[in-house]
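Colleague: This is the structure I want to talk about, given as structure tokens.
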Amino acid sequence: MTCYDDIITEFERFKETSTMTHAERPLVRDLLGDLSGLEALDLACGYGYYTRMLADLDAARVVGVDLSEGMLQRAKEYEARVPQGIEYVQGDVMKLPATLGSFDVACAVYLFNYAESREQLQAMIDGISARLRPGGRLVAMTHAMAFEPDGPAWDAYGLHVRDFEAVPGGGRRLLLTALSETPCDLVCYQWPQDVYEAALDQAGFTGPSWTPTPVPADLNDAYEDGYWDAFRANTLTIGLTARKALR
Ligand SMILES: C[S@@+](CC[C@H](N)C(=O)[O-])C[C@H]1O[C@@H](n2cnc3c(N)ncnc32)[C@H](O)[C@@H]1O
């Protein structure tokens with residue numbers, strides 16, 4: 001398992017500078033939509049990159065949850081510099097306490113790709129379902145199973161595949177290096193779409209919908225011809241939305 005306490009600055013540099021983040025950010029914003037007056041939970045919030053977006057989108061209450069104390073400390077430093085009223089809580093999405101309350105929207109950007117087994121994926125999705133109100137929305141980004149680790153490479157966008165192997169349950173473990181001035185190693189998992197959809201169904205979600213990250217027009221134009229070819233041909237990052245059933 002990747003220990004995020006050890007790679008806070010490295011991960012922050014990767015997040016802020018990689019072109020995969022620049023491409024994914026508008027998709028996350030579109031999938032979230034208008035959050036005015038809504039209560040929003042950011043799961044696996046890291047140093048608050050998307051937690052701050054939830055507040056910028058006018059959510060009435062924003063809570064960020066992460067396993068890593070170090071990441072949360074960095075998130076709180078941002079909050080201290082530019083207060084947005086965000087609460088940060090240390091915790092495991094697989095065991096979210098009921099004391100957090102109930103939410104209208106749960107954002108989970110690069111959480112599910114840390115599930116090491118189908119059971120852990122189910123536990124994460126069950127945990128999220130328990131904290132969403134009926135009709136509440138899940139907005140997630142994860143790693144698409146369709147990504148071929150030995151296919152067109154994503155190094156130019158910030159991620160290098162060092163190795164990969166199949167794991168029980170139909171998934172794949174990816175040993176990745178997040179590339180920036182200060183590279184850091186990550187261990188992530190891909191799970192098939194039907195595994196996600198079965199877990200969502202079991203947890204009471206409806207209408208799962210998948211959106212491979214498109215290349216925004218301004219970024220397409222800003223880079224040389226061919227730069228985004230591998231990004232389009234071998235999709236790694238994919239948006240997932242679903243709604244908690246009304247009853
Ligand atoms: C790749 S970072 C993503 C952070 C943030 N969502 C972003 O896009 O910048 C993954 C984060 O997931 C957290 N994480 C992994 N498994 C978790 C779990 N079971 N519960 C809570 N946080 C978890 C890690 O501590 C890490 O901060």
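The way I read the labels, and the way they are meant: chains A, B, ... in the order of the structure tokens, residue 1 as the first residue of every chain, and ligand 1 as the first ligand shown, with later ones counted on from there.
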Which polymer residues have any atom within 9 Å of an atom of Asp34 (chain A), counting only C-alpha atoms, with same-chain residues fewer than 6 positions away left out, as a list of chain:residue names?

Modeller: A:Leu57, A:Asp58, A:Ala59

Colleague: Could the residues in this selection be saved with C-alpha atoms as a PDB file, in the first residue's frame?

Modeller:
```pdb
ATOM      1  CA  LEU A  57     -18.632  25.410  -6.226  1.00  0.00           C
ATOM      2  CA  ASP A  58     -20.581  26.896  -3.300  1.00  0.00           C
ATOM      3  CA  ALA A  59     -21.288  23.768  -1.286  1.00  0.00           C
TER       4      ALA A  59
END
```

Colleague: Go through the chains and note each residue within 7 Å of ligand 1, using only C-alpha atoms and all ligand atoms, then give the set as a list in words.

Modeller: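 Counting only C-alpha atoms and all ligand atoms, the residues within 7 Å of ligand 1 come out as Cys3, Tyr4, Lys15, Leu43, Ala44, Cys45, Gly46, Tyr47, Gly48, Tyr49, Tyr50, Val65, Asp66, Leu67, Ser68, Met71, Gly91, Asp92, Val93, Met94, Ala108, Val109, Tyr110, Leu111, Tyr114 and Met124 of chain A.
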
Colleague: For the interface of region 109-179 of chain A with region 230-233 of chain A (cut-off 7 Å, counting only C-alpha atoms), please tabulate each contacting residue of region 109-179 of chain A alongside its nearest pair of atoms and their separation in Å to one decimal, rows sorted by chain and increasing number, as a Markdown table.

Modeller:
```
| residue | atom | partner | partner_atom | distance |
| --- | --- | --- | --- | --- |
| A:Pro152 | CA | A:Ala230 | CA | 5.1 |
| A:Ala153 | CA | A:Ala230 | CA | 6.3 |
| A:Trp154 | CA | A:Phe231 | CA | 6.7 |
```

Colleague: Check the smallest atom-to-atom distance from each of A:Thr142, A:Thr177, A:Gln84, A:Asn234 to Gln193 (chain A) using only C-alpha atoms, then report the winner.

Modeller: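 Of all the options, A:Thr142 lies closest to Gln193 (chain A).
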
Colleague: Using DSSP secondary structure from the backbone, list all strand (DSSP E or B) positions within region 86-123 of chain A, as a compact mmCIF listing (two decimals) with C-alpha atoms, in the first residue's frame.

Modeller:
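Writing the result to part-v7.txt gives the following:
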```txt
# COMPACT_ATOMS: atom_id res chain seq x y z
CA GLU A 87 -13.51 20.56 7.87
CA TYR A 88 -10.80 17.89 7.57
CA VAL A 89 -11.18 14.55 9.33
CA GLN A 90 -8.76 11.61 9.53
CA PHE A 103 -24.35 14.41 2.60
CA ASP A 104 -25.86 15.24 -0.79
CA VAL A 105 -22.68 14.64 -2.78
CA ALA A 106 -19.68 12.39 -2.25
CA CYS A 107 -16.58 13.13 -4.31
CA ALA A 108 -13.95 10.39 -4.51
CA VAL A 109 -11.09 11.22 -6.86
```

Colleague: So, counting only C-alpha atoms, which residue among A:Ala146, A:Glu181, A:Gly136, A:Pro208 is closest to Leu246 (chain A)?

Modeller: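 Residue with the minimum atom-to-atom distance to Leu246 (chain A): A:Gly136.
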
Colleague: Do you know which residues are at most 9 Å from Lys244 (chain A) counting only C-alpha atoms, after dropping those on the same chain fewer than 2 positions away, and could you put them as a CSV table (one decimal) with N, CA and C atoms, in the first residue's frame?

Modeller:
```
chain,number,residue,atom,x,y,z
A,129,SER,N,-22.1,5.0,0.6
A,129,SER,CA,-23.6,4.9,0.5
A,129,SER,C,-24.2,5.2,1.9
A,132,LEU,N,-24.5,9.0,2.4
A,132,LEU,CA,-25.2,9.8,1.4
A,132,LEU,C,-26.7,9.7,1.7
A,133,ARG,N,-27.4,10.9,1.5
A,133,ARG,CA,-28.9,10.9,1.6
A,133,ARG,C,-29.5,10.2,0.4
A,134,PRO,N,-30.7,9.7,0.6
A,134,PRO,CA,-31.4,9.1,-0.6
A,134,PRO,C,-31.4,10.1,-1.7
A,135,GLY,N,-31.0,9.7,-3.0
A,135,GLY,CA,-30.9,10.6,-4.1
A,135,GLY,C,-29.6,11.3,-4.2
A,136,GLY,N,-28.7,11.1,-3.2
A,136,GLY,CA,-27.4,11.8,-3.2
A,136,GLY,C,-26.5,11.2,-4.3
A,137,ARG,N,-25.5,12.0,-4.7
A,137,ARG,CA,-24.7,11.7,-5.9
A,137,ARG,C,-23.3,11.3,-5.5
A,138,LEU,N,-22.8,10.3,-6.2
A,138,LEU,CA,-21.3,9.9,-6.1
A,138,LEU,C,-20.7,10.4,-7.3
A,200,LEU,N,-21.8,-1.2,-6.7
A,200,LEU,CA,-22.7,0.0,-6.6
A,200,LEU,C,-24.1,-0.5,-6.4
A,203,ALA,N,-24.8,-1.7,-3.0
A,203,ALA,CA,-24.8,-0.7,-2.0
A,203,ALA,C,-26.0,0.3,-2.2
A,204,GLY,N,-26.8,0.0,-3.2
A,204,GLY,CA,-28.0,0.8,-3.3
A,204,GLY,C,-27.9,2.0,-4.2
A,205,PHE,N,-26.9,1.9,-5.1
A,205,PHE,CA,-26.7,3.0,-6.1
A,205,PHE,C,-27.4,2.6,-7.4
A,206,THR,N,-27.9,3.7,-8.2
A,206,THR,CA,-28.5,3.4,-9.5
A,206,THR,C,-27.7,4.2,-10.5
A,207,GLY,N,-28.0,3.8,-11.8
A,207,GLY,CA,-27.5,4.6,-13.0
A,207,GLY,C,-26.1,4.9,-13.0
A,242,ALA,N,-22.9,8.0,-10.0
A,242,ALA,CA,-24.0,7.2,-9.7
A,242,ALA,C,-24.8,7.9,-8.6
A,246,LEU,N,-33.6,6.4,-4.2
A,246,LEU,CA,-34.4,7.2,-3.3
A,246,LEU,C,-35.0,6.5,-2.1
A,247,ARG,N,-35.0,5.2,-2.2
A,247,ARG,CA,-35.4,4.4,-0.9
A,247,ARG,C,-34.7,3.1,-1.0
```

Colleague: Do you have, as JSON lines, the list of residues of region 23-102 of chain A lying at most 10 Å from region 209-224 of chain A, each with its nearest atom pair and that distance in Å to one decimal, counting only C-alpha atoms and ordered by chain then number?

Modeller:
```
{"residue": "A:Ala23", "atom": "CA", "partner": "A:Val215", "partner_atom": "CA", "distance": 5.8}
{"residue": "A:Glu24", "atom": "CA", "partner": "A:Thr213", "partner_atom": "CA", "distance": 6.0}
{"residue": "A:Arg25", "atom": "CA", "partner": "A:Thr213", "partner_atom": "CA", "distance": 9.3}
{"residue": "A:Pro26", "atom": "CA", "partner": "A:Pro216", "partner_atom": "CA", "distance": 7.7}
{"residue": "A:Leu27", "atom": "CA", "partner": "A:Thr213", "partner_atom": "CA", "distance": 6.6}
{"residue": "A:Val28", "atom": "CA", "partner": "A:Thr213", "partner_atom": "CA", "distance": 9.1}
{"residue": "A:Leu31", "atom": "CA", "partner": "A:Thr211", "partner_atom": "CA", "distance": 9.2}
```

Colleague: Let me make sure I understand: among A:His143, A:Met20, A:Arg81, A:Gly70, which one has the smallest atom-to-atom distance to Thr237 (chain A) if we use only C-alpha atoms?

Modeller: A:His143

Colleague: Go through A:Glu165, A:Val139, A:Ala115, A:Glu79 one by one, measure the shortest atom-to-atom distance of each to Arg243 (chain A) using only C-alpha atoms, and give the residue with the smallest value.

Modeller: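 Between A:Glu165, A:Val139, A:Ala115, A:Glu79, the residue approaching Arg243 (chain A) most closely is A:Val139.
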
Colleague: With distances taken over only C-alpha atoms, which of A:Ile125, A:Leu35, A:Ala130, A:Leu176 is nearest to Pro97 (chain A)?

Modeller: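 Looking only at the distances to Pro97 (chain A), the closest residue turns out to be A:Ala130.
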